[in-house]
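So this block is protein10.tsv, TSV, N, CA and C atoms:
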chain	number	residue	atom	x	y	z
A	26	MET	N	213.54	40.80	85.51
A	26	MET	CA	213.70	40.73	84.08
A	26	MET	C	215.20	40.77	83.75
A	27	GLU	N	215.67	39.79	82.95
A	27	GLU	CA	217.08	39.72	82.59
A	27	GLU	C	217.39	40.64	81.42
A	28	LYS	N	218.61	41.19	81.47
A	28	LYS	CA	219.08	41.99	80.34
A	28	LYS	C	219.56	41.06	79.24
A	29	PRO	N	219.32	41.41	77.97
A	29	PRO	CA	219.86	40.58	76.89
A	29	PRO	C	221.39	40.65	76.87
A	30	ALA	N	222.01	39.56	76.47
A	30	ALA	CA	223.47	39.52	76.39
A	30	ALA	C	223.95	40.54	75.36
A	31	PRO	N	225.05	41.25	75.66
A	31	PRO	CA	225.55	42.24	74.69
A	31	PRO	C	226.01	41.57	73.41
A	32	GLN	N	225.70	42.20	72.29
A	32	GLN	CA	226.12	41.67	70.99
A	32	GLN	C	227.47	42.24	70.62
A	33	SER	N	228.19	41.48	69.83
A	33	SER	CA	229.45	41.96	69.28
A	33	SER	C	229.15	43.17	68.40
A	34	PRO	N	230.02	44.21	68.41
A	34	PRO	CA	229.79	45.35	67.54
A	34	PRO	C	229.84	44.98	66.06
A	35	LEU	N	230.43	43.82	65.73
A	35	LEU	CA	230.51	43.40	64.34
A	35	LEU	C	229.36	42.48	63.94
A	36	ALA	N	228.50	42.14	64.89
A	36	ALA	CA	227.37	41.27	64.55
A	36	ALA	C	226.41	42.00	63.64
A	37	PRO	N	225.94	41.34	62.57
A	37	PRO	CA	225.00	42.01	61.67
A	37	PRO	C	223.71	42.37	62.41
A	38	LYS	N	223.17	43.51	62.08
A	38	LYS	CA	221.93	43.95	62.67
A	38	LYS	C	220.88	43.98	61.57
A	39	PRO	N	219.64	43.68	61.89
A	39	PRO	CA	218.61	43.62	60.84
A	39	PRO	C	218.43	44.92	60.08
A	40	ASP	N	218.68	46.05	60.73
A	40	ASP	CA	218.48	47.34	60.06
A	40	ASP	C	219.75	47.91	59.43
A	41	ARG	N	220.86	47.15	59.47
A	41	ARG	CA	222.12	47.61	58.90
A	41	ARG	C	222.61	46.62	57.85
A	42	PRO	N	223.07	47.12	56.69
A	42	PRO	CA	223.67	46.21	55.71
A	42	PRO	C	224.91	45.53	56.30
A	43	ALA	N	225.23	44.36	55.80
A	43	ALA	CA	226.38	43.60	56.32
A	43	ALA	C	227.66	44.40	56.21
A	44	CYS	N	227.83	45.20	55.13
A	44	CYS	CA	229.07	45.94	54.96
A	44	CYS	C	229.25	46.98	56.06
A	45	LEU	N	228.16	47.51	56.65
A	45	LEU	CA	228.26	48.46	57.73
A	45	LEU	C	228.44	47.78	59.08
A	46	ALA	N	228.20	46.49	59.12
A	46	ALA	CA	228.35	45.74	60.36
A	46	ALA	C	229.73	45.08	60.43
A	47	GLY	N	230.66	45.47	59.58
A	47	GLY	CA	232.01	44.94	59.62
A	47	GLY	C	232.23	43.71	58.78
A	48	GLN	N	231.26	43.36	57.96
A	48	GLN	CA	231.40	42.18	57.11
A	48	GLN	C	231.31	42.60	55.65
A	49	ALA	N	232.07	41.93	54.81
A	49	ALA	CA	232.03	42.24	53.38
A	49	ALA	C	230.68	41.84	52.79
A	50	PRO	N	230.13	42.68	51.92
A	50	PRO	CA	228.86	42.30	51.30
A	50	PRO	C	229.06	41.13	50.34
A	51	ALA	N	228.05	40.32	50.19
A	51	ALA	CA	228.12	39.20	49.26
A	51	ALA	C	228.11	39.74	47.84
A	52	LEU	N	228.99	39.21	47.00
A	52	LEU	CA	229.05	39.64	45.60
A	52	LEU	C	228.29	38.66	44.74
A	53	ASP	N	227.38	39.18	43.95
A	53	ASP	CA	226.69	38.32	43.01
A	53	ASP	C	227.40	38.41	41.65
A	54	ALA	N	226.96	37.61	40.71
A	54	ALA	CA	227.61	37.56	39.40
A	54	ALA	C	227.56	38.91	38.68
A	55	GLN	N	226.45	39.63	38.82
A	55	GLN	CA	226.30	40.95	38.17
A	55	GLN	C	227.30	41.95	38.74
A	56	ALA	N	227.44	41.99	40.06
A	56	ALA	CA	228.38	42.90	40.69
A	56	ALA	C	229.81	42.58	40.27
A	57	LEU	N	230.13	41.31	40.21
A	57	LEU	CA	231.46	40.88	39.80
A	57	LEU	C	231.74	41.26	38.35
A	58	ALA	N	230.74	41.11	37.48
A	58	ALA	CA	230.90	41.45	36.06
A	58	ALA	C	231.11	42.95	35.87
A	59	ASN	N	230.52	43.78	36.74
A	59	ASN	CA	230.63	45.23	36.63
A	59	ASN	C	231.79	45.82	37.42
A	60	ALA	N	232.53	45.00	38.13
A	60	ALA	CA	233.63	45.48	38.98
A	60	ALA	C	234.76	46.06	38.13
A	61	ILE	N	235.36	47.14	38.63
A	61	ILE	CA	236.51	47.77	37.99
A	61	ILE	C	237.75	47.37	38.79
A	62	PRO	N	238.73	46.73	38.17
A	62	PRO	CA	239.94	46.35	38.91
A	62	PRO	C	240.65	47.59	39.46
A	63	SER	N	241.12	47.50	40.69
A	63	SER	CA	241.80	48.64	41.31
A	63	SER	C	243.04	49.06	40.52
A	64	SER	N	243.68	48.12	39.82
A	64	SER	CA	244.86	48.47	39.02
A	64	SER	C	244.51	49.47	37.93
A	65	LYS	N	243.29	49.42	37.40
A	65	LYS	CA	242.87	50.38	36.38
A	65	LYS	C	242.64	51.76	36.99
A	66	LEU	N	242.22	51.81	38.23
A	66	LEU	CA	241.99	53.09	38.89
A	66	LEU	C	243.31	53.73	39.35
A	67	PHE	N	244.19	52.92	39.92
A	67	PHE	CA	245.39	53.47	40.55
A	67	PHE	C	246.56	53.65	39.58
A	68	HIS	N	246.67	52.88	38.53
A	68	HIS	CA	247.77	53.00	37.55
A	68	HIS	C	249.13	53.11	38.24
A	69	LYS	N	249.45	52.14	39.10
A	69	LYS	CA	250.74	52.04	39.80
A	69	LYS	C	250.94	53.11	40.87
A	70	ARG	N	249.89	53.85	41.23
A	70	ARG	CA	249.97	54.82	42.32
A	70	ARG	C	249.43	54.18	43.59
A	71	ARG	N	249.70	54.77	44.73
A	71	ARG	CA	249.19	54.29	46.01
A	71	ARG	C	247.98	55.08	46.47
A	72	GLU	N	247.70	56.22	45.83
A	72	GLU	CA	246.59	57.06	46.25
A	72	GLU	C	245.99	57.78	45.06
A	73	ILE	N	244.66	57.89	45.05
A	73	ILE	CA	243.98	58.65	44.00
A	73	ILE	C	243.01	59.62	44.67
A	74	THR	N	242.64	60.68	43.97
A	74	THR	CA	241.67	61.65	44.45
A	74	THR	C	240.39	61.48	43.65
A	75	ILE	N	239.28	61.45	44.35
A	75	ILE	CA	237.97	61.27	43.72
A	75	ILE	C	237.11	62.48	44.05
A	76	SER	N	236.50	63.07	43.03
A	76	SER	CA	235.55	64.16	43.22
A	76	SER	C	234.15	63.56	43.18
A	77	HIS	N	233.37	63.82	44.24
A	77	HIS	CA	232.00	63.28	44.31
A	77	HIS	C	231.08	64.34	44.91
A	78	GLU	N	230.12	64.78	44.11
A	78	GLU	CA	229.13	65.77	44.54
A	78	GLU	C	229.77	66.99	45.19
A	79	GLY	N	230.81	67.51	44.58
A	79	GLY	CA	231.47	68.72	45.05
A	79	GLY	C	232.48	68.53	46.16
A	80	ALA	N	232.66	67.32	46.66
A	80	ALA	CA	233.63	67.05	47.72
A	80	ALA	C	234.76	66.20	47.16
A	81	LEU	N	235.95	66.37	47.72
A	81	LEU	CA	237.11	65.58	47.32
A	81	LEU	C	237.37	64.48	48.34
A	82	TYR	N	237.66	63.29	47.85
A	82	TYR	CA	237.98	62.13	48.68
A	82	TYR	C	239.32	61.57	48.22
A	83	ARG	N	240.07	60.99	49.16
A	83	ARG	CA	241.31	60.30	48.83
A	83	ARG	C	241.12	58.81	49.09
A	84	LEU	N	241.42	58.00	48.07
A	84	LEU	CA	241.37	56.54	48.20
A	84	LEU	C	242.80	56.05	48.18
A	85	ARG	N	243.21	55.37	49.26
A	85	ARG	CA	244.62	55.00	49.42
A	85	ARG	C	244.75	53.50	49.63
A	86	ILE	N	245.82	52.93	49.07
A	86	ILE	CA	246.17	51.53	49.31
A	86	ILE	C	247.18	51.51	50.47
A	87	THR	N	246.87	50.76	51.52
A	87	THR	CA	247.76	50.67	52.68
A	87	THR	C	248.91	49.71	52.39
A	88	ARG	N	249.86	49.66	53.31
A	88	ARG	CA	250.98	48.73	53.17
A	88	ARG	C	250.51	47.28	53.18
A	89	GLN	N	249.38	47.03	53.85
A	89	GLN	CA	248.83	45.67	53.91
A	89	GLN	C	247.96	45.35	52.69
A	90	GLY	N	247.82	46.32	51.76
A	90	GLY	CA	247.06	46.09	50.55
A	90	GLY	C	245.57	46.36	50.68
A	91	LYS	N	245.16	47.00	51.77
A	91	LYS	CA	243.74	47.32	51.96
A	91	LYS	C	243.47	48.73	51.46
A	92	LEU	N	242.19	49.04	51.24
A	92	LEU	CA	241.80	50.36	50.76
A	92	LEU	C	241.21	51.18	51.89
A	93	ILE	N	241.61	52.46	51.94
A	93	ILE	CA	241.06	53.40	52.92
A	93	ILE	C	240.60	54.63	52.17
A	94	LEU	N	239.36	55.07	52.48
A	94	LEU	CA	238.78	56.25	51.86
A	94	LEU	C	238.72	57.35	52.91
A	95	HIS	N	239.29	58.53	52.59
A	95	HIS	CA	239.29	59.69	53.49
A	95	HIS	C	238.57	60.85	52.80
A	96	LYS	N	237.80	61.58	53.56
A	96	LYS	CA	237.17	62.79	53.03
A	96	LYS	C	238.09	63.95	53.27
Entire entry expressed as structure tokens:
Amino acid sequence: MEKPAPQSPLAPKPDRPACLAGQAPALDAQALANAIPSSKLFHKRREITISHEGALYRLRITRQGKLILHK
């Protein structure tokens, strides 16, 4: 019996949403209409603190312009 070929860790899996498999989720018109621009959240800052269910998170803009969320 042959072993199945190993899958890429970024390949989508049927039981995992695409965003957890390393791919951006598809945006529909409703999601786009409800989106909040990051400029409104950050107000010229590089990092903001978010309180969620009693825990604090830091959302940071990297030098490359990407977002990173830290608990």
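Using only N, CA and C atoms, the residues found no farther than 8 Å from region 66-72 of chain A, other than those of its own chain fewer than 5 positions away, are Ile61, Arg83, Leu84, Arg85, Ile86 and Thr87 of chain A.
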Next on the checklist: Could you tell me how far atom N of His95 (chain A) sits from atom N of Thr74 (chain A), in Å to one decimal place?
Outcome noted: 9.5 Å
Item to check | Between atom C of Leu57 (chain A) and atom N of Glu78 (chain A), distance in Å (one decimal) | outcome: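 Going from atom C of Leu57 (chain A) over to atom N of Glu78 (chain A), I get 24.3 Å.
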Next on the checklist: For a test of reading the model, state the distance in Å between CA of Pro62 (chain A) and atom N of Ile93 (chain A), rounded to one decimal.
Outcome noted: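 According to the coordinates, CA of Pro62 (chain A) and atom N of Ile93 (chain A) are separated by 14.5 Å.
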Checklist outcome for this item: Lys96 (chain A) proximity check over A:Ile73, A:Ala58, A:Ala80, A:Leu52, using only C-alpha atoms: winner is A:Ala80
